[in-house]
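S.K.: I have a structure here, written as C-alpha cells, and I will follow up with some questions on it.
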Amino acid sequence: MPVKTGEEYINRVDKAKANVWINGEQVQDKISEHPAFKGVMKTQAELYDLQHDSTKEDIMTYTSPTSKERVGTSFMQPRTKEDLAKRRKMIQEWARHNNGMMGRSPDYINSGMMAYGSAADMFGTQDSAFAKNMKDYYELCREKDLSLTHTLIQPQVNRGVSAAKLPDPYIAARIAGKNSEGLIIKGARLLATQGGITDEIMVFPSTLLKQSEEENPYAFAFSIPNNTPGLKFICRESFDYGKSHFDHPLGSRFEEMDTIIVFDDVVVPWNRVFAYGDVGICNQAYNESNAVVHMTHQVVSKNIVKTEFILGILQLMVETINIGQYQHVQEKISEVIIALETVKAFITASEANAKLDKWGIMTPDFTPLNIARNYYPKIYPRFSEIMQLLGASGLMAIPNEADFNSELRPDLDKYLQAANGGAYERVELYRLAWDVCMSSFGTRQTLYERFFFGDPIRMASALYNGYDKQEYVDRVKEFLNRSEHLAEINQARL
C-alpha cells in the first residue's frame, strides 16, 4: 500500500477501537467523532492528504526501494545532502499546515523509525532475530504508512530510587514474564502524545536506566498495535473545549492529547521485540542509531516554522493597533527575529556539515542541532511573554463568536475597532494570540517546549560533558606560556 489518505487514516483508527479512557469513561463509538479527538484527527487527516497533492508529490513522497510505490518522505533513508534537504522540506510542509503546533505529527516518530531501521544490526548484537524484527518493522511502517505514538518515561513516583525500589515493582512497566508467544509486560508508562489516535505505539526504554540486574526487567524495546489486548490509554482533560475555530483557533484544530499507558499483562509478539532484558543495549539505542540526530533535525525544522508563525502573529498585532513606532515594541519583535534566524542557522550548519554515519545514512552534524534543542526551550516561553506584553488588556477584551452574532454587534464594532482593521478581525487575531500564550492549549505548548527532550538541566549537563572543549583550553594555555616566555626574554635583556 502506498501513502495513505486522510480518510484511510481516520478509518483505520476508528476500526481499531483502541482502549481509550477520558473523563472517567471509555470511548465506545468512533474516536474520530469524539469531541476530544475529532479536531486533531481532522488536521492529521489533512496532513496525509497533502501526500496526494500532485503539486507536492516530489517533496512529500519518494519511490519505495522494495514496492516501487510512492511512500512518505519522512521514512526516507537519506544517502546524500540533497536527501536531507528533501526531508526538511517535507517536514516543513506539514509544519506549515499546523503552524508547528503539532509536536507529534507523524514525521517525528517516522524519523526515529527510519534511523532505527537503518541501524537494525545494532539490535542484533543481543539476538540476530531482533535485527530482522527491526528491519521488517521499519519496512512495514514505510509500506503501510503507519502512524505511531511512543512512550519512554517511567511514572514519576519517587525519582530518588529505581523503579525496582518503588512500593510495587509493577508501577513502572516491566517484563512480567515470557512464553511461546512473546514478552508479557505489566505496569505503566508516560507520556504518549496522540495516544489512541495512531495505528501503533512504539515503546522504547528510558535512557536513564542504570547498569544492574534489577534494572534489566525494565529494559525493552518493541512496537505493537494500539488495540493490543491489555493495552489502555488514560487521557488528561482535553484542551479542545468544543469551541469554534474563531473562539479557539488552535485548540480546536491541534489539541494532540497526552496519555498514560497501562500494560495489563500485554503480550508482545516475538516478531515485534527489538530488545529486552539488557540495559546496555537499550541505553545505547537512541545515540548509537543516530535516532536522536534525525529526530532533532525534524524538531528544529518544525520549530523554524513555529517561530515564523509566532513572528507573524506578533507583527500583525503591532500593525493592527499601530504600535510599531515604539522602540520597546521593536526591541521585543527583534528578539523573535533573532531567535528565528538563529534556529535557521542551526539547521543550515547541521546539513552543510552532514556526513555518512556507520550505517551508511547521511546524518546531520549533531552539534548545532544539540545547541538548538538546548536553546529553544529557553526562548519559546519568552515568545509567550512578549505576546502577553504587547497584547496587554487586548488579550482580555476578547468576546467570542456568539457575541458577534448577537445584538451586541454594534457595540463591539464601535468599541473594539482597531487602527487597521474592524472589531471582528481584531478580536479574531487577539483570540489567536490568547490561544498561543494564555489558554490551556497555549500554556501546554509552553510546558511541552520546555521539556520536549527532557530535563533542561540534565540536557545542559550532557552538552557540557559531551562538548570537546580541550582545543580552546590548550589555546589559552599556549597563550599563557607564550606570555611567560616573552617575560623571560625581556627580563634577560634587562
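Each chain in the C-alpha cells gets a letter, A, B, ..., in the order shown, and its residues are numbered from 1; ligands are numbered from 1 in order too.
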Hey, what does DSSP flag as strand (DSSP E or B) within region 261-358 of chain A? Can you give it to me as a ChimeraX atom specification?

M.R.: /A:261-269,273-276,355-356

S.K.: Against region 407-429 of chain A, which residues of region 301-328 of chain A fall within 10 Å? For each one I want the closest pair of atoms and the distance in Å (one decimal), counting only C-alpha atoms, rows by chain and increasing residue number, as a tab-separated table.

M.R.:
```
residue	atom	partner	partner_atom	distance
A:Ile313	CA	A:Leu429	CA	7.6
A:Leu314	CA	A:Leu429	CA	9.7
A:Leu316	CA	A:Leu429	CA	8.1
A:Met317	CA	A:Leu429	CA	7.3
A:Val318	CA	A:Asn420	CA	9.9
A:Glu319	CA	A:Asn420	CA	6.9
A:Thr320	CA	A:Asn420	CA	4.8
A:Ile321	CA	A:Ala419	CA	5.1
A:Asn322	CA	A:Ala419	CA	6.2
A:Ile323	CA	A:Ala419	CA	9.7
```

S.K.: Write out, as a short mmCIF file (atom, residue, chain, number, x, y, z; two decimals), in the first residue's frame, the residues just selected, with N, CA and C atoms.

M.R.:
```cif
data_model
loop_
_atom_site.label_atom_id
_atom_site.label_comp_id
_atom_site.auth_asym_id
_atom_site.auth_seq_id
_atom_site.Cartn_x
_atom_site.Cartn_y
_atom_site.Cartn_z
N ILE A 313 2.17 36.49 13.95
CA ILE A 313 1.10 36.93 14.86
C ILE A 313 1.49 38.25 15.52
N LEU A 314 2.70 38.29 16.05
CA LEU A 314 3.15 39.49 16.76
C LEU A 314 3.17 40.71 15.85
N LEU A 316 1.46 41.22 13.12
CA LEU A 316 0.10 41.61 12.77
C LEU A 316 -0.58 42.33 13.92
N MET A 317 -0.30 41.92 15.17
CA MET A 317 -0.82 42.63 16.32
C MET A 317 -0.29 44.06 16.35
N VAL A 318 1.00 44.21 16.07
CA VAL A 318 1.63 45.53 16.05
C VAL A 318 0.97 46.43 15.01
N GLU A 319 0.77 45.89 13.82
CA GLU A 319 0.18 46.67 12.75
C GLU A 319 -1.29 46.98 13.01
N THR A 320 -2.00 46.05 13.63
CA THR A 320 -3.43 46.22 13.83
C THR A 320 -3.75 47.39 14.74
N ILE A 321 -2.97 47.56 15.80
CA ILE A 321 -3.26 48.66 16.73
C ILE A 321 -2.21 49.78 16.64
N ASN A 322 -1.36 49.72 15.61
CA ASN A 322 -0.45 50.82 15.29
C ASN A 322 0.51 51.15 16.44
N ILE A 323 1.33 50.15 16.84
CA ILE A 323 2.30 50.40 17.91
C ILE A 323 3.74 50.16 17.43
#
```

S.K.: Could you check which of A:Phe239, A:Trp359, A:Phe233, A:Tyr62 is closest to Phe37 (chain A), using only C-alpha atoms?

M.R.: A:Phe239

S.K.: When you draw a straight line from CA of Tyr170 (chain A) to CA of Lys232 (chain A), how long is it in Å?

M.R.: 15.3 Å

S.K.: Please, what distance in Å, to one decimal, runs between CA of Asn290 (chain A) and CA of Val273 (chain A)?

M.R.: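 These two atoms are separated by 19.8 Å.
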
S.K.: Using only C-alpha atoms, find the one residue out of A:Lys42, A:Lys358, A:His97, A:His294 that sits nearest to Gln77 (chain A).

M.R.: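 Of all the options, A:His294 lies closest to Gln77 (chain A).
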
S.K.: Could you tell me which of A:Gly360, A:Gly324, A:Pro368, A:Pro78 comes closest to Ala345 (chain A) if we count only C-alpha atoms?

M.R.: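 Of all the options, A:Pro368 lies closest to Ala345 (chain A).
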
S.K.: Could you give me, as a ChimeraX atom specification, each residue of region 133-382 of chain A that DSSP assigns to helix (DSSP H, G or I) when run on this structure's backbone?

M.R.: /A:133-144,163-165,213-218,251-254,270-272,279-288,291-321,327-352,366-382

S.K.: Got time to write the residues from that selection, C-alpha atoms, as a short mmCIF file (atom, residue, chain, number, x, y, z; two decimals), in the first residue's frame?

M.R.:
```cif
data_model
loop_
_atom_site.label_atom_id
_atom_site.label_comp_id
_atom_site.auth_asym_id
_atom_site.auth_seq_id
_atom_site.Cartn_x
_atom_site.Cartn_y
_atom_site.Cartn_z
CA ASN A 133 12.46 -7.68 13.53
CA MET A 134 13.57 -4.06 13.32
CA LYS A 135 14.28 -4.19 9.58
CA ASP A 136 10.91 -5.82 8.93
CA TYR A 137 9.08 -3.35 11.15
CA TYR A 138 10.67 -0.33 9.50
CA GLU A 139 9.56 -1.63 6.13
CA LEU A 140 6.08 -2.31 7.47
CA CYS A 141 5.80 1.26 8.74
CA ARG A 142 7.03 2.66 5.44
CA GLU A 143 4.95 0.48 3.12
CA LYS A 144 1.70 0.79 5.11
CA ALA A 163 11.71 1.53 39.57
CA ALA A 164 12.56 -1.76 41.26
CA LYS A 165 12.57 0.02 44.67
CA GLU A 213 20.43 -6.84 37.19
CA GLU A 214 17.47 -5.27 38.99
CA GLU A 215 17.03 -2.77 36.12
CA ASN A 216 17.02 -5.40 33.36
CA PRO A 217 13.28 -6.21 33.64
CA TYR A 218 12.60 -2.52 32.81
CA GLY A 251 -7.12 24.16 20.47
CA SER A 252 -9.97 23.26 18.13
CA ARG A 253 -7.52 22.05 15.48
CA PHE A 254 -4.27 20.89 17.05
CA TRP A 270 8.33 -12.10 19.48
CA ASN A 271 8.47 -10.66 15.97
CA ARG A 272 7.74 -7.21 17.46
CA VAL A 279 20.15 -2.29 29.96
CA GLY A 280 23.31 -1.71 27.94
CA ILE A 281 21.66 -2.41 24.59
CA CYS A 282 18.62 -0.30 25.43
CA ASN A 283 20.61 2.66 26.73
CA GLN A 284 22.74 2.93 23.60
CA ALA A 285 19.89 2.62 21.09
CA TYR A 286 18.96 6.30 20.92
CA ASN A 287 22.50 7.56 20.29
CA GLU A 288 24.12 4.62 18.55
CA ALA A 291 17.83 8.43 16.03
CA VAL A 292 18.46 11.36 18.35
CA VAL A 293 20.07 13.29 15.49
CA HIS A 294 17.36 12.68 12.90
CA MET A 295 14.53 13.29 15.36
CA THR A 296 16.19 16.53 16.46
CA HIS A 297 16.56 17.54 12.82
CA GLN A 298 12.79 17.09 12.48
CA VAL A 299 12.08 19.09 15.64
CA VAL A 300 14.34 22.02 14.76
CA SER A 301 12.91 22.12 11.23
CA LYS A 302 9.42 22.24 12.73
CA ASN A 303 10.43 24.92 15.24
CA ILE A 304 11.56 27.22 12.44
CA VAL A 305 8.00 27.18 11.09
CA LYS A 306 6.56 27.59 14.57
CA THR A 307 8.73 30.65 15.19
CA GLU A 308 7.74 32.13 11.83
CA PHE A 309 4.10 31.75 12.88
CA ILE A 310 4.75 33.48 16.23
CA LEU A 311 6.55 36.32 14.46
CA GLY A 312 3.65 36.71 12.04
CA ILE A 313 1.10 36.93 14.86
CA LEU A 314 3.15 39.49 16.76
CA GLN A 315 3.78 41.70 13.74
CA LEU A 316 0.10 41.61 12.77
CA MET A 317 -0.82 42.63 16.32
CA VAL A 318 1.63 45.53 16.05
CA GLU A 319 0.18 46.67 12.75
CA THR A 320 -3.43 46.22 13.83
CA ILE A 321 -3.26 48.66 16.73
CA GLN A 327 11.24 51.28 20.29
CA HIS A 328 10.36 48.88 23.11
CA VAL A 329 7.97 47.15 20.69
CA GLN A 330 10.66 46.96 18.00
CA GLU A 331 13.10 45.53 20.53
CA LYS A 332 10.68 42.78 21.56
CA ILE A 333 9.88 41.81 17.97
CA SER A 334 13.61 41.79 17.25
CA GLU A 335 14.07 39.11 19.90
CA VAL A 336 11.84 36.81 17.90
CA ILE A 337 13.60 37.69 14.64
CA ILE A 338 16.97 36.89 16.22
CA ALA A 339 15.63 33.58 17.52
CA LEU A 340 14.22 32.68 14.12
CA GLU A 341 17.42 33.41 12.25
CA THR A 342 19.45 31.61 14.90
CA VAL A 343 17.41 28.41 14.61
CA LYS A 344 17.55 28.62 10.80
CA ALA A 345 21.34 28.89 11.02
CA PHE A 346 21.49 25.78 13.21
CA ILE A 347 19.66 23.76 10.56
CA THR A 348 21.83 25.15 7.76
CA ALA A 349 25.02 24.29 9.64
CA SER A 350 23.80 20.80 10.52
CA GLU A 351 23.03 19.97 6.89
CA ALA A 352 26.14 21.65 5.46
CA PHE A 366 24.57 16.97 15.75
CA THR A 367 26.41 19.84 17.46
CA PRO A 368 24.29 22.72 16.06
CA LEU A 369 21.14 20.62 16.46
CA ASN A 370 22.08 19.87 20.06
CA ILE A 371 22.61 23.58 20.71
CA ALA A 372 19.22 24.27 19.11
CA ARG A 373 17.40 21.78 21.32
CA ASN A 374 19.00 23.36 24.40
CA TYR A 375 18.22 26.88 23.16
CA TYR A 376 14.59 26.60 22.09
CA PRO A 377 13.13 25.51 25.46
CA LYS A 378 14.53 28.73 26.89
CA ILE A 379 13.39 31.09 24.16
CA TYR A 380 9.88 29.74 23.50
CA PRO A 381 8.48 30.81 26.92
CA ARG A 382 9.83 34.28 26.12
#
```

S.K.: Which one is closest to Gly24 (chain A): A:Met114, A:Met60, A:Ile184, A:Cys235? Count only C-alpha atoms.

M.R.: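 Closest to Gly24 (chain A), using only C-alpha atoms: A:Cys235.
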
S.K.: Using only C-alpha atoms, I'd like a table of the residues in region 97-216 of chain A that come within 8 Å of region 223-229 of chain A; for each, show the closest atom pair and its distance in Å rounded to one decimal, ordered by chain and ascending number, as a Markdown table.

M.R.:
```
| residue | atom | partner | partner_atom | distance |
| --- | --- | --- | --- | --- |
| A:Gly196 | CA | A:Asn226 | CA | 6.4 |
| A:Thr198 | CA | A:Asn226 | CA | 7.3 |
| A:Asp199 | CA | A:Asn226 | CA | 6.0 |
| A:Glu200 | CA | A:Pro225 | CA | 4.1 |
| A:Ile201 | CA | A:Ser223 | CA | 5.6 |
| A:Met202 | CA | A:Ser223 | CA | 4.3 |
| A:Val203 | CA | A:Ser223 | CA | 5.8 |
```
